[in-house]
Protein chains: 2
Amino acid sequence: MDKRMRTSEDELLAAIRKVLSGAGPEVVVGPGDDAAVLAAASGEQVLTADVLVEGVHFDLSLTSARDLGYKAITVNVSDLAAMAASPRAALVTLVLPPSVEESWVMELFGGMREACDEYALWLVGGDLSSGSKISVSVTATGEVAPGRAVLRSGARVGDVVVVTGELGASAAGLRLAREGRAPSSDTDRALLRAHFRPVARVGEAGVLARHGATAMMDISDGLALDLSRMCRASRVGVTLRSVDIPVADGASFADALSGGEDYELLVTLPHVVAFEAVKVELRETFGAAVTAIGTIEAEGLKIQDMSGSLAPLAPEGWDHFGGR
Amino acid sequence: MDKRMRTSEDELLAAIRKVLSGAGPEVVVGPGDDAAVLAAASGEQVLTADVLVEGVHFDLSLTSARDLGYKAITVNVSDLAAMAASPRAALVTLVLPPSVEESWVMELFGGMREACDEYALWLVGGDLSSGSKISVSVTATGEVAPGRAVLRSGARVGDVVVVTGELGASAAGLRLAREGRAPSSDTDRALLRAHFRPVARVGEAGVLARHGATAMMDISDGLALDLSRMCRASRVGVTLRSVDIPVADGASFADALSGGEDYELLVTLPHVVAFEAVKVELRETFGAAVTAIGTIEAEGLKIQDMSGSLAPLAPEGWDHFGGR
């Protein structure tokens, strides 16, 4: 039976609305009107947007609609977390080829709803259009106490550079998925999960901010490239210790350095005491690891190998126009 | 000389940032970090999103990059206006084929900036990706005093149905553009302008809300379809008087009834006294027309012709999946 979209836009929107967030105390007007209305925020308003495009960010033969929806929300939540903000609401604009099955669209929104429930976001609206390739554009809003957003421009000379979790798992997971063989171990399953169901470090970001994080961002385009961006924004340099970079089981060092899509936090802390305090609190509260991987310097991007010798750190990672 | 994009994503983003809004008292953190930060809003927060897709909403052989950017912002501002909200900030996610020239992208952002200046919005961030077709997705936020948003669900039996301006000009303008001949009269130029440079009725919406508008929406998909949506949301019917529908010079009655993209306001007012007061104030303040075109009834969607006989109003207009 042909289940492709024979419904009108209004019918599809009505079906989608059923899986969107219901009314809540904060949501004054939900989906269905010209715009959504939220109750006044108590702090500063944080806004971010990310787009996932078929053939660029995802491959329909590898990802399920549910995972894609989940990830589209999570990558935006990760940006909010990287500002030390609490997630609040999301809007979705979706471009769909007419050949897409309605059940696929419902699964996509199901995955979005799942992530919104996980991270306590209201999915309040959006827009829908036909088009030749699927794209999923999400805007998320959050809030932060006035003056408390942690920017990528605050790193200072002498700061300890830290990352949460382990790196490279997403890139290794994508490679595994492309190979097309069934996962044969817990490591394989963890790598696939890292790629298709990333975690946004919202709670961890709050702890890091409370302990005086001077700069923070999420690692979406690879450690080397994102760290070079943080250094440029902060007008500082860095020495990275290769031996200390936490490489995920099953991932390579190259995956960890420039694989991208890990959505771990890259953070600078003012001193080792703050780092030790964060380490204990993250382990006890979230069972999460945090690792010191380098030091902020006055200038230069350098990486120290096991023998102690220094080499330039090439800011390589994901670039949508230059490629890898 | 080949001016297509040979720049990296970071270089392109840096170039775009130059045409984005500068820092202002409300913008705590502008473009360039994981997310933007705005000072706390004084009222309820209003959120809307719209996507424009190449080959669906626009044709590159007909529209300039500058007009497209201007329109992408304006259609979102129109949604905010339709809630009686004041525009505040916008985010843009852009999908671009690698073949697009950088100068085209700069013109697009120039047009967005122009509309943001016009409607006092901050353009605070977004995302960029490659893809096979251009799409421009804009999210806009606004604010409204608590409880003062005007929804499409508030129309009541006996209300006067009114529209701002004249209808059908955008559809007639698009037809003219497709014919490809140079505009030969002021009417032609006005029709083209209506399509490529629509106006969002922000000030007019404020006046209508202040005079007790019970329901309000913008006409983006054609009067007949949008009015049927308003009636469904309000659980009422309507009788439209065809003779009173304000048809723009050079447009047909069909353009006015189901052409779409007019971005005029469709509003219900509680009585004729309110309508007369609005009419005077809109003319004196904005030089803008407002016309009473029908009455809200308990049920049924009907249209009255010149002879006074009633026919069913077919809710026809733009549907992204069903077509026209």
# chains A, B, ... in the order shown; residues from 1 in each chain; ligands from 1

$ residues_around --residues "A:Thr141" --least-positions-apart "5" --cutoff "7 Å" --atoms "only C-alpha atoms" --output "compact mmCIF listing (two decimals) with N, CA, C and O atoms, in the first residue's frame"
# COMPACT_ATOMS: atom_id res chain seq x y z
N GLN A 45 17.76 35.69 27.58
CA GLN A 45 17.27 34.74 26.59
C GLN A 45 18.42 34.31 25.68
O GLN A 45 19.14 35.15 25.15
N VAL A 46 18.59 32.99 25.51
CA VAL A 46 19.67 32.44 24.69
C VAL A 46 19.04 31.79 23.46
O VAL A 46 18.06 31.06 23.58
N LEU A 47 19.59 32.07 22.28
CA LEU A 47 18.99 31.62 21.01
C LEU A 47 20.03 30.95 20.14
O LEU A 47 21.11 31.49 19.93
N THR A 48 19.71 29.79 19.59
CA THR A 48 20.64 29.12 18.69
C THR A 48 19.88 28.37 17.61
O THR A 48 18.71 28.04 17.78
N PRO A 87 17.69 24.85 28.68
CA PRO A 87 16.81 24.79 27.51
C PRO A 87 15.39 25.19 27.86
O PRO A 87 14.93 24.97 28.99
N ARG A 88 14.70 25.78 26.88
CA ARG A 88 13.35 26.27 27.13
C ARG A 88 12.37 25.83 26.05
O ARG A 88 11.40 25.17 26.33
N ALA A 89 12.64 26.18 24.77
CA ALA A 89 11.69 25.85 23.70
C ALA A 89 12.43 25.63 22.40
O ALA A 89 13.55 26.08 22.23
N ALA A 90 11.77 24.94 21.48
CA ALA A 90 12.35 24.71 20.15
C ALA A 90 11.30 24.91 19.08
O ALA A 90 10.10 24.68 19.30

$ residues_around --residues "A:Thr93" --least-positions-apart "4" --cutoff "8 Å" --atoms "only C-alpha atoms" --output "PDB file with N, CA and C atoms, in the first residue's frame"
ATOM      1  N   GLY A 126       6.833  25.817  14.163  1.00  0.00           N
ATOM      2  CA  GLY A 126       7.754  25.720  13.057  1.00  0.00           C
ATOM      3  C   GLY A 126       7.060  25.897  11.729  1.00  0.00           C
ATOM      4  N   ASP A 127       7.657  25.334  10.691  1.00  0.00           N
ATOM      5  CA  ASP A 127       7.129  25.483   9.343  1.00  0.00           C
ATOM      6  C   ASP A 127       7.492  24.239   8.552  1.00  0.00           C
ATOM      7  N   LEU A 128       6.775  24.038   7.458  1.00  0.00           N
ATOM      8  CA  LEU A 128       6.893  22.832   6.660  1.00  0.00           C
ATOM      9  C   LEU A 128       6.884  23.255   5.197  1.00  0.00           C
ATOM     10  N   SER A 129       7.769  22.664   4.396  1.00  0.00           N
ATOM     11  CA  SER A 129       7.755  22.952   2.960  1.00  0.00           C
ATOM     12  C   SER A 129       8.159  21.711   2.196  1.00  0.00           C
ATOM     13  N   VAL A 136      16.288  19.567   8.102  1.00  0.00           N
ATOM     14  CA  VAL A 136      15.650  19.752   9.398  1.00  0.00           C
ATOM     15  C   VAL A 136      16.375  20.899  10.090  1.00  0.00           C
ATOM     16  N   SER A 137      15.700  22.025  10.215  1.00  0.00           N
ATOM     17  CA  SER A 137      16.317  23.190  10.841  1.00  0.00           C
ATOM     18  C   SER A 137      15.631  23.436  12.179  1.00  0.00           C
ATOM     19  N   VAL A 138      16.426  23.460  13.233  1.00  0.00           N
ATOM     20  CA  VAL A 138      15.865  23.645  14.573  1.00  0.00           C
ATOM     21  C   VAL A 138      16.421  24.926  15.182  1.00  0.00           C
TER      22      VAL A 138
ATOM     23  N   ALA B  49       8.688  30.672  12.918  1.00  0.00           N
ATOM     24  CA  ALA B  49       9.711  30.241  11.960  1.00  0.00           C
ATOM     25  C   ALA B  49       9.081  30.010  10.604  1.00  0.00           C
ATOM     26  N   ASP B  50       9.795  30.366   9.546  1.00  0.00           N
ATOM     27  CA  ASP B  50       9.339  30.146   8.175  1.00  0.00           C
ATOM     28  C   ASP B  50      10.536  29.775   7.329  1.00  0.00           C
ATOM     29  N   VAL B  51      10.303  28.888   6.374  1.00  0.00           N
ATOM     30  CA  VAL B  51      11.385  28.495   5.477  1.00  0.00           C
ATOM     31  C   VAL B  51      10.992  28.818   4.034  1.00  0.00           C
ATOM     32  N   SER B 137      15.890  29.546   6.095  1.00  0.00           N
ATOM     33  CA  SER B 137      14.963  29.342   7.196  1.00  0.00           C
ATOM     34  C   SER B 137      15.211  30.415   8.253  1.00  0.00           C
TER      35      SER B 137
END

$ interface_residues --of "chain B" --to "chain A" --cutoff "7 Å" --atoms "only C-alpha atoms" --output "PyMOL selection string"
chain B and resi 8-9+33-41+43-51+53+56+79-80+82-83+91+93+98+125-127+129-131+137+139+151-152+217+319-322

$ select_by_dssp --residues "stretch 59-234 of chain B" --states "alpha helix (DSSP H)" --output "PyMOL selection string"
chain B and resi 65-81+102-119+169-179+186-196+202-210+223-234

$ select_by_dssp --residues "stretch 38-200 of chain A" --states "strand (DSSP E or B)" --output "NGL selection string"
:A and (38 or 44-54 or 58 or 86-96 or 101 or 122-130 or 135-144 or 160-164 or 167)

$ closest_residue --among "A:Val77, A:Leu176, A:Thr291, A:Glu284" --to "A:Arg189" --atoms "only C-alpha atoms"
A:Leu176

$ residues_around --residues "stretch 177-188 of chain B" --least-positions-apart "3" --cutoff "8 Å" --atoms "only C-alpha atoms" --output "compact mmCIF listing (two decimals) with N, CA and C atoms, in the first residue's frame"
# COMPACT_ATOMS: atom_id res chain seq x y z
N LEU B 62 14.03 34.79 -11.21
CA LEU B 62 13.09 35.91 -11.06
C LEU B 62 13.44 36.83 -9.90
N GLY B 173 1.69 40.02 -9.28
CA GLY B 173 3.09 40.41 -9.47
C GLY B 173 3.95 39.22 -9.88
N LEU B 174 3.70 38.08 -9.25
CA LEU B 174 4.45 36.87 -9.60
C LEU B 174 4.17 36.47 -11.05
N LEU B 191 2.71 45.90 -8.49
CA LEU B 191 2.44 44.46 -8.37
C LEU B 191 3.75 43.69 -8.11
N LEU B 192 4.80 44.04 -8.84
CA LEU B 192 6.09 43.37 -8.65
C LEU B 192 6.61 43.62 -7.24
N ASP B 249 -5.30 46.92 -7.81
CA ASP B 249 -5.23 47.30 -9.23
C ASP B 249 -4.34 46.32 -9.98
N GLY B 250 -4.84 45.78 -11.07
CA GLY B 250 -4.03 44.87 -11.89
C GLY B 250 -4.17 43.42 -11.48

$ closest_residue --among "A:Ala224, A:His271, A:Ala209, A:Thr239" --to "A:Ala311" --atoms "only C-alpha atoms"
A:Thr239

$ closest_residue --among "A:Arg66, A:His211, A:Arg201, A:Arg113" --to "A:Phe275" --atoms "only C-alpha atoms"
A:His211

$ atom_distance --atom1 "atom CA of A:Phe196" --atom2 "atom CA of A:Val75"
11.1 Å

$ residues_around --residues "A:Ala248" --least-positions-apart "3" --cutoff "8 Å" --atoms "only C-alpha atoms" --output "list in words"
Glu166, Leu167, Gly168, Ala169, Ala251, Ser252 and Ala256 of chain A

$ atom_distance --atom1 "atom CA of B:Leu208" --atom2 "atom CA of B:Gly154"
13.7 Å
